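Reproduced below: target_39.pdb, with PDB, C-alpha atoms.
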ATOM      1  CA  MET A 217      34.695  60.358  35.192  1.00  0.00           C
ATOM      2  CA  ALA A 218      35.047  58.406  38.414  1.00  0.00           C
ATOM      3  CA  LYS A 219      32.044  56.823  39.978  1.00  0.00           C
ATOM      4  CA  ALA A 220      30.887  58.334  43.287  1.00  0.00           C
ATOM      5  CA  ARG A 221      31.489  56.107  46.318  1.00  0.00           C
ATOM      6  CA  LYS A 222      28.444  54.711  48.046  1.00  0.00           C
ATOM      7  CA  PRO A 223      28.223  55.384  51.775  1.00  0.00           C
ATOM      8  CA  LEU A 224      29.053  52.488  54.064  1.00  0.00           C
ATOM      9  CA  PRO A 225      26.276  50.886  56.111  1.00  0.00           C
ATOM     10  CA  SER A 226      26.111  51.711  59.804  1.00  0.00           C
ATOM     11  CA  LEU A 227      27.714  49.477  62.418  1.00  0.00           C
ATOM     12  CA  ASP A 228      24.272  48.664  63.840  1.00  0.00           C
ATOM     13  CA  TRP A 229      23.239  47.337  60.435  1.00  0.00           C
ATOM     14  CA  LEU A 230      26.464  45.389  59.853  1.00  0.00           C
ATOM     15  CA  GLN A 231      26.896  43.609  63.201  1.00  0.00           C
ATOM     16  CA  PRO A 232      23.878  41.246  63.069  1.00  0.00           C
ATOM     17  CA  ARG A 233      24.687  40.374  59.457  1.00  0.00           C
ATOM     18  CA  LEU A 234      28.281  39.634  60.389  1.00  0.00           C
ATOM     19  CA  ARG A 235      27.154  37.258  63.143  1.00  0.00           C
ATOM     20  CA  LEU A 236      24.563  35.509  60.942  1.00  0.00           C
ATOM     21  CA  THR A 237      26.854  34.972  57.963  1.00  0.00           C
ATOM     22  CA  ARG A 238      29.715  33.828  60.195  1.00  0.00           C
ATOM     23  CA  VAL A 239      27.522  31.249  61.934  1.00  0.00           C
ATOM     24  CA  LEU A 240      26.065  30.018  58.629  1.00  0.00           C
ATOM     25  CA  ALA A 241      29.521  29.729  57.068  1.00  0.00           C
ATOM     26  CA  LEU A 242      30.970  27.921  60.074  1.00  0.00           C
ATOM     27  CA  LEU A 243      28.065  25.473  60.403  1.00  0.00           C
ATOM     28  CA  SER A 244      27.950  24.624  56.703  1.00  0.00           C
ATOM     29  CA  TYR A 245      31.748  24.201  56.579  1.00  0.00           C
ATOM     30  CA  LEU A 246      31.773  21.872  59.562  1.00  0.00           C
ATOM     31  CA  GLY A 247      28.687  20.098  58.209  1.00  0.00           C
ATOM     32  CA  LEU A 248      30.505  19.460  54.939  1.00  0.00           C
ATOM     33  CA  MET A 249      33.487  18.039  56.812  1.00  0.00           C
ATOM     34  CA  VAL A 250      31.212  15.727  58.824  1.00  0.00           C
ATOM     35  CA  LEU A 251      29.302  14.660  55.694  1.00  0.00           C
ATOM     36  CA  LEU A 252      32.514  13.782  53.864  1.00  0.00           C
ATOM     37  CA  ALA A 253      33.934  11.933  56.863  1.00  0.00           C
ATOM     38  CA  VAL A 254      30.781   9.885  57.465  1.00  0.00           C
ATOM     39  CA  SER A 255      30.190   9.060  53.792  1.00  0.00           C
ATOM     40  CA  THR A 256      33.804   7.977  53.350  1.00  0.00           C
ATOM     41  CA  TRP A 257      33.800   5.962  56.559  1.00  0.00           C
ATOM     42  CA  ILE A 258      30.665   3.976  55.646  1.00  0.00           C
ATOM     43  CA  ALA A 259      31.774   3.409  52.051  1.00  0.00           C
ATOM     44  CA  ASP A 260      32.416  -0.171  51.023  1.00  0.00           C
ATOM     45  CA  LEU A 261      36.172   0.226  50.620  1.00  0.00           C
ATOM     46  CA  PRO A 262      39.248  -1.464  52.068  1.00  0.00           C
ATOM     47  CA  GLN A 263      40.572   0.217  55.196  1.00  0.00           C
ATOM     48  CA  GLN A 264      43.689   1.641  53.532  1.00  0.00           C
ATOM     49  CA  ALA A 265      41.696   3.096  50.626  1.00  0.00           C
ATOM     50  CA  ARG A 266      39.146   4.535  53.050  1.00  0.00           C
ATOM     51  CA  LEU A 267      41.840   6.350  55.052  1.00  0.00           C
ATOM     52  CA  SER A 268      43.516   7.648  51.896  1.00  0.00           C
ATOM     53  CA  LEU A 269      40.234   8.954  50.499  1.00  0.00           C
ATOM     54  CA  LEU A 270      39.349  10.509  53.840  1.00  0.00           C
ATOM     55  CA  ALA A 271      42.701  12.327  53.962  1.00  0.00           C
ATOM     56  CA  LEU A 272      42.381  13.434  50.333  1.00  0.00           C
ATOM     57  CA  GLN A 273      38.952  14.941  50.967  1.00  0.00           C
ATOM     58  CA  LEU A 274      39.509  16.480  54.397  1.00  0.00           C
ATOM     59  CA  VAL A 275      43.064  17.850  54.231  1.00  0.00           C
ATOM     60  CA  PRO A 276      42.179  20.805  51.938  1.00  0.00           C
ATOM     61  CA  LEU A 277      39.286  21.696  54.238  1.00  0.00           C
ATOM     62  CA  ALA A 278      41.453  21.278  57.333  1.00  0.00           C
ATOM     63  CA  ILE A 279      44.088  23.637  55.914  1.00  0.00           C
ATOM     64  CA  LEU A 280      41.507  26.415  55.617  1.00  0.00           C
ATOM     65  CA  LEU A 281      39.744  25.596  58.895  1.00  0.00           C
ATOM     66  CA  PRO A 282      41.775  27.942  61.169  1.00  0.00           C
ATOM     67  CA  GLY A 283      40.857  30.972  59.052  1.00  0.00           C
ATOM     68  CA  ILE A 284      37.189  30.006  59.132  1.00  0.00           C
ATOM     69  CA  VAL A 285      37.111  29.283  62.869  1.00  0.00           C
ATOM     70  CA  LEU A 286      38.974  32.487  63.762  1.00  0.00           C
ATOM     71  CA  GLY A 287      36.727  34.576  61.500  1.00  0.00           C
ATOM     72  CA  HIS A 288      39.349  35.970  59.133  1.00  0.00           C
ATOM     73  CA  ALA A 289      37.753  37.547  56.068  1.00  0.00           C
ATOM     74  CA  ARG A 290      40.571  36.456  53.772  1.00  0.00           C
ATOM     75  CA  GLY A 291      40.284  32.887  55.037  1.00  0.00           C
ATOM     76  CA  HIS A 292      36.617  32.911  54.081  1.00  0.00           C
ATOM     77  CA  ALA A 293      37.453  34.354  50.665  1.00  0.00           C
ATOM     78  CA  TRP A 294      40.087  31.675  49.979  1.00  0.00           C
ATOM     79  CA  ALA A 295      37.739  28.956  51.165  1.00  0.00           C
ATOM     80  CA  CYS A 296      35.233  30.093  48.537  1.00  0.00           C
ATOM     81  CA  PHE A 297      37.740  29.091  45.870  1.00  0.00           C
ATOM     82  CA  ALA A 298      38.382  25.666  47.389  1.00  0.00           C
ATOM     83  CA  ILE A 299      34.731  24.897  48.109  1.00  0.00           C
ATOM     84  CA  ASN A 300      33.951  24.893  44.378  1.00  0.00           C
ATOM     85  CA  LEU A 301      35.753  21.548  44.037  1.00  0.00           C
ATOM     86  CA  TYR A 302      33.364  20.019  46.569  1.00  0.00           C
ATOM     87  CA  PHE A 303      30.400  21.508  44.708  1.00  0.00           C
ATOM     88  CA  ILE A 304      31.599  19.788  41.540  1.00  0.00           C
ATOM     89  CA  GLN A 305      31.994  16.536  43.472  1.00  0.00           C
ATOM     90  CA  GLY A 306      28.430  16.907  44.777  1.00  0.00           C
ATOM     91  CA  VAL A 307      27.018  17.515  41.306  1.00  0.00           C
ATOM     92  CA  LEU A 308      28.818  14.459  39.935  1.00  0.00           C
ATOM     93  CA  ALA A 309      27.574  12.347  42.851  1.00  0.00           C
ATOM     94  CA  ALA A 310      24.001  13.586  42.356  1.00  0.00           C
ATOM     95  CA  PHE A 311      23.975  12.082  38.864  1.00  0.00           C
ATOM     96  CA  GLN A 312      24.450   8.605  40.336  1.00  0.00           C
ATOM     97  CA  PRO A 313      21.081   7.303  41.580  1.00  0.00           C
ATOM     98  CA  GLN A 314      22.560   5.493  44.600  1.00  0.00           C
ATOM     99  CA  ARG A 315      24.395   8.691  45.700  1.00  0.00           C
ATOM    100  CA  LEU A 316      21.667  11.235  44.966  1.00  0.00           C
ATOM    101  CA  ALA A 317      21.023  12.211  48.607  1.00  0.00           C
ATOM    102  CA  PHE A 318      24.747  12.583  49.311  1.00  0.00           C
ATOM    103  CA  GLY A 319      25.278  14.675  46.191  1.00  0.00           C
ATOM    104  CA  LEU A 320      22.359  17.006  46.869  1.00  0.00           C
ATOM    105  CA  THR A 321      23.366  17.435  50.506  1.00  0.00           C
ATOM    106  CA  GLU A 322      26.945  18.210  49.514  1.00  0.00           C
ATOM    107  CA  CYS A 323      25.761  20.722  46.897  1.00  0.00           C
ATOM    108  CA  ALA A 324      23.444  22.405  49.406  1.00  0.00           C
ATOM    109  CA  LEU A 325      26.183  22.708  52.036  1.00  0.00           C
ATOM    110  CA  THR A 326      28.677  24.124  49.557  1.00  0.00           C
ATOM    111  CA  VAL A 327      26.196  26.669  48.183  1.00  0.00           C
ATOM    112  CA  VAL A 328      25.228  27.812  51.686  1.00  0.00           C
ATOM    113  CA  PHE A 329      28.888  28.098  52.643  1.00  0.00           C
ATOM    114  CA  PHE A 330      29.829  29.956  49.468  1.00  0.00           C
ATOM    115  CA  LEU A 331      27.064  32.530  49.843  1.00  0.00           C
ATOM    116  CA  ALA A 332      27.572  32.995  53.583  1.00  0.00           C
ATOM    117  CA  ALA A 333      31.364  33.263  53.273  1.00  0.00           C
ATOM    118  CA  MET A 334      31.178  35.785  50.441  1.00  0.00           C
ATOM    119  CA  MET A 335      28.714  37.951  52.331  1.00  0.00           C
ATOM    120  CA  TYR A 336      30.754  37.609  55.523  1.00  0.00           C
ATOM    121  CA  THR A 337      33.846  38.793  53.645  1.00  0.00           C
ATOM    122  CA  ARG A 338      31.986  41.792  52.271  1.00  0.00           C
ATOM    123  CA  TYR A 339      30.412  42.744  55.593  1.00  0.00           C
ATOM    124  CA  ARG A 340      33.695  42.231  57.462  1.00  0.00           C
ATOM    125  CA  PHE A 341      35.635  44.558  55.174  1.00  0.00           C
ATOM    126  CA  GLN A 342      32.846  47.157  55.362  1.00  0.00           C
ATOM    127  CA  HIS A 343      32.853  46.815  59.155  1.00  0.00           C
ATOM    128  CA  GLU A 344      36.614  47.318  59.327  1.00  0.00           C
ATOM    129  CA  ARG A 345      36.433  50.349  57.042  1.00  0.00           C
ATOM    130  CA  ARG A 346      33.652  51.819  59.178  1.00  0.00           C
ATOM    131  CA  LEU A 347      35.689  51.258  62.367  1.00  0.00           C
ATOM    132  CA  ALA A 348      38.637  52.986  60.744  1.00  0.00           C
ATOM    133  CA  GLY A 349      36.488  56.099  60.393  1.00  0.00           C
ATOM    134  CA  GLU A 350      35.518  55.918  56.751  1.00  0.00           C
ATOM    135  CA  GLN A 351      32.061  57.218  55.924  1.00  0.00           C
TER     136      GLN A 351
END
Take the structure in the file and write it out as structure tokens.
Amino acid sequence: MAKARKPLPSLDWLQPRLRLTRVLALLSYLGLMVLLAVSTWIADLPQQARLSLLALQLVPLAILLPGIVLGHARGHAWACFAINLYFIQGVLAAFQPQRLAFGLTECALTVVFFLAAMMYTRYRFQHERRLAGEQ
């Protein structure tokens, strides 16, 4: 026996949640990019290694950036997959006493982004279904 479909939330309920989750996702994503850029730039590395590490860390985020900035739900969903690598990096950094603050900050930004992006994706698809006339 098929499960009965739950009714969709109203547009008035969805719109503020869409705005909030989009802003949280965008700010945490950009914050992560800034954190990675600053921490790599101030690292005690030769210039060539610094640029290589910076490119290695920021290129995957830059590839997904247009989807995040433009507010595409699928872009947010795909970014949730990629952001897990940065969460792992943050956890590993947090185990090093000299990088504890960096690791915890990176973990916090990735968790905020993941939750906000997942909720944005859900609300966006519900919003689109509601606009299409589905009850």
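Proximity to Val327 (chain A) was assessed for A:Leu274, A:Ala309, A:Val250, A:Ala241 counting only C-alpha atoms; the smallest distance is recorded for A:Ala241.
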Mind checking which residues fall within 9 Å of region 337-339 of chain A, counting only C-alpha atoms, ignoring those fewer than 4 positions away in the same chain, and posting them as a compact mmCIF listing (two decimals) with C-alpha atoms, keeping the file's coordinate frame?
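So the final result, stored in around.txt, reads:
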# COMPACT_ATOMS: atom_id res chain seq x y z
CA LEU A 230 26.46 45.39 59.85
CA GLN A 231 26.90 43.61 63.20
CA ARG A 233 24.69 40.37 59.46
CA LEU A 234 28.28 39.63 60.39
CA THR A 237 26.85 34.97 57.96
CA HIS A 288 39.35 35.97 59.13
CA ALA A 289 37.75 37.55 56.07
CA ARG A 290 40.57 36.46 53.77
CA GLY A 291 40.28 32.89 55.04
CA HIS A 292 36.62 32.91 54.08
CA ALA A 293 37.45 34.35 50.66
CA ALA A 332 27.57 32.99 53.58
CA ALA A 333 31.36 33.26 53.27
CA HIS A 343 32.85 46.82 59.16
CA GLU A 344 36.61 47.32 59.33
- Message: Need to verify the contact set: region 316-322 of chain A, 12 Å, only C-alpha atoms, exclusion of same-chain residues closer than 3 positions in sequence. Can you return it as number ranges by chain?
- Response: A: 244-256, 259, 299-313, 325-329
- Could you work out how far CA of Arg346 (chain A) lies from CA of Arg221 (chain A), giving the answer in Å with one decimal? 13.7 Å
- Task: Find the distance between CA of Tyr336 (chain A) and CA of Ala298 (chain A) and write it in Å to one decimal.
- Result: 16.3 Å
- Enter the distance from CA of Leu269 (chain A) to CA of Leu243 (chain A), in Å, rounded to one decimal. 22.8 Å
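Between Arg340 (chain A) and the residues A:Gly287, A:Leu242, A:Leu281, A:Lys219, the shortest atom-to-atom distance, using all atoms listed in the file, involves A:Gly287.
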- Message: When the PyMOL selection byres ((chain A and resi 222) around 12) is applied to the structure above, which residues does it catch, written out as a list in words?
- Response: Lys219, Ala220, Arg221, Pro223, Leu224, Pro225, Gln342, Glu350 and Gln351 of chain A
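Minimum distance to Gly349 (chain A) across A:Ala218, A:Leu227, A:Val285, A:Leu280 (counting all atoms listed in the file) occurs at A:Leu227.
Across A:Ile258, A:Met335, A:Pro276, A:Gln314, the tightest approach to Arg235 (chain A) is made by A:Met335 when counting all atoms listed in the file.
Shortest atom-to-atom contact with Val239 (chain A) among A:Leu286, A:Ala295, A:Cys323, A:Leu270: A:Leu286, counting all atoms listed in the file.
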